[in-house]
Each structure stands twice: as structure tokens, then as C-alpha cells.
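Reviewing the structure listed below.
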Amino acid sequence: MTHATRSVGSIDVTAIVDADLELDPITDAFPDIPPDALRGDDEDSASIRTAGGDWRLRVRAWLIRHPAGLVLVDTGIGGPTSPTAAWVPSAGVLVEALGDLGIDVGDIPTVVLTHVHDDHIGGVLNAGGEPTFADARHVLQRADLEWQRALGRENDEDRAIWDLLVPLEAAGVLDAIDGDHRIADGIDLQHLPGHTPGHQIVWISDGNARLAISADTWNHPLQLGHPEWPSGPDNDHAGAADARRAMRSAIAAEPRTIVAPTHFAEPFVTIDEQGGAWRPA
């Protein structure tokens with residue numbers, strides 16, 4: 001499989017497709033977006049919808065190569081022991097894809113977890129229930145850690161997701177942070193809550209070049225023009241809308257910014273000069 005890469009000065013960002021899934025009807029995935037908009041013939045709507053009207057969900061992780069080493073952002077859906085096995089037809093391929101790129105799991109010193117949904121942290125454990133990236137620090141916002149800890153006491157589904165984090169805590173490889181945080185020169189985390197309480201994005205910059213790994217700030221391309229339209233999994237609808245507006249404003253301040261969304265058809269996009277549409281980057 002070919003993995004798209006964009007360079008940000010001396011930093012390379014590679015989009016790794018962990019899974020490409022056809023799931024439930026798009027109207028079920030985004031129940032608060034007008035159905036006519038979801039079924040529209042425009043390119044944005046069609047790009048994440050199958051011919052039969054189902055949600056086509058791409059799940060990506062991101063490999064950052066920078067002068068001081070490597071950073072992995074998110075771990076995809078994981079394997080058959082992940083909670084995602086309850087809703088995906090096949091396992092993720094992140095580890096194999098890293099191997100194709102010449103990267104072993106032991107080569108990764110830092111894993112950024114953008115938030116605690118299982119399509120982003122499903123791959124933190126291997127089939128034996130041990131950390132996949134055993135030598136890596138796993139960086140997660142404390143707000144998400146404690147939120148998921150509490151949810152894990154409420155139902156089996158959330159308990160299964162919490163159980164992904166327990167071995168990381170036990171192994172001492174989970175770093176809970178509070179707010180914005182610098183990973184390395186040119187690689188910064190921004191706490192951007194709404195989708196989850198601890199949702200965070202990654203800003204990558206070198207000179208005049210800038211790229212943002214936006215995680216689940218936008219799950220549907222139509223949310224650029226309609227930030228008030230929530231994604232199904234948004235924990236805080238108003239907060240998620242505010243996050244979309246804030247990120248769009250930050251991008252407008254530097255219009256050449258490349259955006260790397262986890263679930264869009266295109267791994268790298270920009271906002272057109274009129275500010276109303278995504279364009280492949």
C-alpha cells in the first residue's frame with residue numbers, strides 16, 4: 001500500500017491507512033446533520049459515503065519523522081482483542097504498515113493518543129494484552145484519562161475501552177498531561193476539547209510551513225461550513241462546534257496550513273481561498 005507523505009520543512013508526516021470500512025447508513029452515523037445534506041451529490045458528501053448510502057470510514061494513524069526521531073499519532077482500531085472487534089469486520093493493519101515503512105514497534109519512542117475513542121487507541125495493546133509500543137511514552141490528556149476511567153465503571157462497552165489503558169498505566173508508559181504540550185521542536189499538542197473532554201490535536205511547523213493533525217475535530221467535510229453540525233460521537237456538541245470554529249480561525253490566519261483529518265477520503269487537505277471548501281493538498 002502507498003502511504004501519502006507531506007513534508008513540513010525538515011519534518012515528514014506520513015498518513016497510514018489502518019482501516020477502510022463500510023459501516024452503517026451515513027444518516028445513522030451523523031444523526032444530527034440534515035439527511036438531505038448527507039445524501040447530497042456534492043463532492044464532500046459523496047467522498048465519505050458508499051454508493052449504497054453507508055458511511056465509508058477511513059481510519060488513519062500518522063508517523064512523524066523529525067530530526068530528533070519518530071512520533072506516532074494514534075494507533076488505529078487494533079486487532080481481534082480490541083473493543084473495535086465488536087463493530088469492525090477485520091483487524092487494523094498499523095503494525096504491518098509500519099513494517100512496510102521500515103519501522104519496528106520498538107523504534108517508536110513517543111505515541112500521541114489524540115483521544116480515547118477505540119478507533120484511535122484500539123491498537124495500544126497487542127494480542128497478548130501487552131503494550132504494542134512497549135518502549136514508547138504514550139501521551140494522553142488527563143481529562144480523557146479520568147473521563148474514561150469514570151465511564152469504565154458505568155457499562156461494559158466503556159469498560160472494554162478503559163481496559164486498553166490499564167496496562168499502559170501498569171507498565172508506567174502512560175503520560176497524562178494537562179493542556180498544551182511540546183513533544184519536540186516543531187511538534188506541539190493543543191488541547192481542543194469537545195469531541196471528548198481531552199481531545200487534542202497536533203501542530204507541526206518548521207519555518208513558514210505548517211500542518212495540523214486535526215484528529216476528530218471534523219469527522220464530516222460538511223462541518224467546515226456548518227461547525228454547528230455535530231458528529232455522532234461528539235461528547236459536547238457545543239464544545240465540539242467551538243473547537244471547529246477555533247481551528248478554522250487558526251488555519252485562516254495561515255491559509256497555507258495543511259490539515260490531516262483522520263477520517264476524510266483525502267489524508268491531506270487545505271481550505272480554499274474563499275474559505276468554504278476543502279481541497280486536496
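Ligands are numbered from 1 in the order shown, chains are lettered A, B, ... in the order of the C-alpha cells, and residues start at 1 in each chain.
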Considering only C-alpha atoms, give me a table of residues in range 106-135 of chain A that are at most 10 Å from range 213-229 of chain A, with the closest atom pair and distance in Å for each, as a Markdown table.
| residue | atom | partner | partner_atom | distance |
| --- | --- | --- | --- | --- |
| A:Leu113 | CA | A:Ala215 | CA | 9.5 |
| A:Thr114 | CA | A:Ala215 | CA | 6.3 |
| A:His115 | CA | A:Ala215 | CA | 8.2 |
| A:His117 | CA | A:Asp216 | CA | 9.9 |
| A:His120 | CA | A:Ala215 | CA | 8.9 |
Dump as CSV the rows for residues of range 191-255 of chain A within 9 Å of range 162-179 of chain A: closest atom pair and distance in Å with one decimal, only C-alpha atoms counted, ordered by chain and rising residue number.
residue,atom,partner,partner_atom,distance
A:His191,CA,A:Gly179,CA,5.2
A:Leu192,CA,A:Gly179,CA,8.7
A:Gly198,CA,A:Gly179,CA,8.5
A:Gln200,CA,A:Gly179,CA,8.6
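Going from CA of Leu21 in chain A over to CA of Leu57 in chain A, you cover 5.0 Å.
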Minimum-distance residue to Trp55 in chain A, chosen among A:Trp278, A:Leu211, A:Ala265, A:Asp12 (using only C-alpha atoms): A:Ala265
Determine, counting only C-alpha atoms, which protein, DNA and RNA residues have an atom within 9 Å of an atom of Trp147 in chain A; residues of the same chain fewer than 3 positions away are not included. Present the result as a ChimeraX atom specification. /A:142-144,150-152,196-198
Those same residues, written as a PDB file, in the first residue's frame with all heavy atoms?
ATOM      1  N   ARG A 142      -5.008  14.281  30.498  1.00  0.00           N
ATOM      2  CA  ARG A 142      -5.559  13.730  31.746  1.00  0.00           C
ATOM      3  C   ARG A 142      -7.092  13.798  31.752  1.00  0.00           C
ATOM      4  O   ARG A 142      -7.753  12.920  32.310  1.00  0.00           O
ATOM      5  CB  ARG A 142      -5.000  14.497  32.952  1.00  0.00           C
ATOM      6  CG  ARG A 142      -5.315  13.832  34.294  1.00  0.00           C
ATOM      7  CD  ARG A 142      -4.797  14.664  35.465  1.00  0.00           C
ATOM      8  NE  ARG A 142      -3.423  15.085  35.275  1.00  0.00           N
ATOM      9  CZ  ARG A 142      -2.360  14.323  35.558  1.00  0.00           C
ATOM     10  NH1 ARG A 142      -2.534  13.108  36.040  1.00  0.00           N
ATOM     11  NH2 ARG A 142      -1.147  14.797  35.376  1.00  0.00           N
ATOM     12  N   ALA A 143      -7.645  14.820  31.112  1.00  0.00           N
ATOM     13  CA  ALA A 143      -9.099  14.945  31.083  1.00  0.00           C
ATOM     14  C   ALA A 143      -9.743  13.725  30.449  1.00  0.00           C
ATOM     15  O   ALA A 143     -10.802  13.268  30.899  1.00  0.00           O
ATOM     16  CB  ALA A 143      -9.492  16.214  30.321  1.00  0.00           C
ATOM     17  N   ASP A 144      -9.130  13.191  29.389  1.00  0.00           N
ATOM     18  CA  ASP A 144      -9.677  11.990  28.757  1.00  0.00           C
ATOM     19  C   ASP A 144      -9.417  10.754  29.604  1.00  0.00           C
ATOM     20  O   ASP A 144     -10.272   9.862  29.684  1.00  0.00           O
ATOM     21  CB  ASP A 144      -9.067  11.801  27.358  1.00  0.00           C
ATOM     22  CG  ASP A 144     -10.047  12.150  26.255  1.00  0.00           C
ATOM     23  OD1 ASP A 144     -10.973  12.934  26.517  1.00  0.00           O
ATOM     24  OD2 ASP A 144      -9.890  11.652  25.128  1.00  0.00           O
ATOM     25  N   ALA A 150     -13.892   6.981  34.650  1.00  0.00           N
ATOM     26  CA  ALA A 150     -15.232   7.052  35.234  1.00  0.00           C
ATOM     27  C   ALA A 150     -16.245   6.305  34.375  1.00  0.00           C
ATOM     28  O   ALA A 150     -17.098   5.568  34.895  1.00  0.00           O
ATOM     29  CB  ALA A 150     -15.647   8.516  35.402  1.00  0.00           C
ATOM     30  N   LEU A 151     -16.165   6.468  33.050  1.00  0.00           N
ATOM     31  CA  LEU A 151     -17.095   5.769  32.173  1.00  0.00           C
ATOM     32  C   LEU A 151     -16.954   4.257  32.291  1.00  0.00           C
ATOM     33  O   LEU A 151     -17.938   3.516  32.169  1.00  0.00           O
ATOM     34  CB  LEU A 151     -16.860   6.184  30.712  1.00  0.00           C
ATOM     35  CG  LEU A 151     -17.270   7.595  30.304  1.00  0.00           C
ATOM     36  CD1 LEU A 151     -16.874   7.861  28.854  1.00  0.00           C
ATOM     37  CD2 LEU A 151     -18.769   7.809  30.497  1.00  0.00           C
ATOM     38  N   GLY A 152     -15.742   3.801  32.534  1.00  0.00           N
ATOM     39  CA  GLY A 152     -15.489   2.372  32.633  1.00  0.00           C
ATOM     40  C   GLY A 152     -16.223   1.707  33.782  1.00  0.00           C
ATOM     41  O   GLY A 152     -16.369   0.476  33.796  1.00  0.00           O
ATOM     42  N   THR A 196     -14.207  14.922  22.756  1.00  0.00           N
ATOM     43  CA  THR A 196     -14.087  14.326  24.086  1.00  0.00           C
ATOM     44  C   THR A 196     -13.509  15.399  24.997  1.00  0.00           C
ATOM     45  O   THR A 196     -12.970  16.400  24.517  1.00  0.00           O
ATOM     46  CB  THR A 196     -13.168  13.085  24.104  1.00  0.00           C
ATOM     47  OG1 THR A 196     -11.822  13.498  23.806  1.00  0.00           O
ATOM     48  CG2 THR A 196     -13.627  12.031  23.099  1.00  0.00           C
ATOM     49  N   PRO A 197     -13.559  15.214  26.320  1.00  0.00           N
ATOM     50  CA  PRO A 197     -13.022  16.248  27.213  1.00  0.00           C
ATOM     51  C   PRO A 197     -11.524  16.488  27.029  1.00  0.00           C
ATOM     52  O   PRO A 197     -11.037  17.593  27.281  1.00  0.00           O
ATOM     53  CB  PRO A 197     -13.328  15.692  28.612  1.00  0.00           C
ATOM     54  CG  PRO A 197     -14.506  14.792  28.411  1.00  0.00           C
ATOM     55  CD  PRO A 197     -14.297  14.167  27.068  1.00  0.00           C
ATOM     56  N   GLY A 198     -10.803  15.453  26.612  1.00  0.00           N
ATOM     57  CA  GLY A 198      -9.358  15.586  26.460  1.00  0.00           C
ATOM     58  C   GLY A 198      -8.880  15.503  25.027  1.00  0.00           C
ATOM     59  O   GLY A 198      -7.707  15.237  24.769  1.00  0.00           O
TER      60      GLY A 198
END
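The coordinates place CA of Val116 in chain A at 10.4 Å from CA of Arg149 in chain A.
Each of A:Gly207, A:Gly76, A:Gly9, A:Pro31 was compared to Val112 in chain A using only C-alpha atoms, and A:Gly76 turns out to be the nearest.
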For Trp87 in chain A, list every protein, DNA or RNA residue within 10 Å, evaluated using only C-alpha atoms, and leave out those in the same chain fewer than 4 positions away; present the list as a VMD selection string. chain A and resid 23 to 24 83
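In this structure, CA of Pro267 in chain A sits 17.1 Å away from CA of Ile77 in chain A.
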Residues within 8 Å of range 125-132 of chain A, please, as a PyMOL selection string. Count only C-alpha atoms; anything in the same chain fewer than 3 positions from it doesn't count. chain A and resi 78-82+105+122+164+167-168
Mind the document's chain letters and residue numbers, and return as an NGL selection string the residues of range 51-154 of chain A that DSSP labels strand (DSSP E). :A and (54-66 or 69-73 or 110-112 or 137-141)
Keeping only C-alpha atoms, write the selected residues as a compact mmCIF listing (two decimals), in the first residue's frame.
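And here's again-v4.txt as it stands now:
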# COMPACT_ATOMS: atom_id res chain seq x y z
CA ASP A 54 -23.36 3.83 4.10
CA TRP A 55 -20.57 5.61 5.96
CA ARG A 56 -17.17 4.90 4.43
CA LEU A 57 -14.85 5.37 7.36
CA ARG A 58 -11.13 5.63 6.82
CA VAL A 59 -9.09 5.24 9.98
CA ARG A 60 -5.59 6.67 9.93
CA ALA A 61 -2.57 6.87 12.16
CA TRP A 62 0.26 9.30 11.49
CA LEU A 63 4.01 8.72 11.52
CA ILE A 64 6.07 11.85 12.12
CA ARG A 65 9.75 11.74 11.23
CA HIS A 66 11.60 14.69 12.72
CA GLY A 69 13.39 10.82 16.00
CA LEU A 70 9.88 9.45 15.47
CA VAL A 71 6.40 10.17 16.82
CA LEU A 72 3.33 8.04 16.16
CA VAL A 73 -0.06 9.74 16.42
CA THR A 110 6.53 8.52 21.59
CA VAL A 111 2.88 7.74 20.86
CA VAL A 112 0.41 10.61 20.98
CA ARG A 137 5.77 7.07 26.17
CA HIS A 138 2.02 7.33 25.48
CA VAL A 139 0.87 10.94 25.76
CA LEU A 140 -2.79 11.50 26.61
CA GLN A 141 -4.70 14.39 28.10
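Distances to Glu96 in chain A were evaluated for A:Ala136, A:Val17, A:Ile271, A:Ile251 using only C-alpha atoms, and the minimum falls at A:Val17.
When only C-alpha atoms are used to compute distances to Pro109 in chain A, the closest of the residues A:Glu254, A:Asp28, A:Ala184, A:Val269 turns out to be A:Ala184.
Between Gly194 in chain A and the residues A:Ser90, A:Thr262, A:Thr14, A:Asn235, the shortest atom-to-atom distance, using only C-alpha atoms, involves A:Asn235.
Nearest residue to Ala243 in chain A, choosing from A:Gly99, A:Pro280, A:Pro193, A:Gly92 and counting only C-alpha atoms: A:Pro193.
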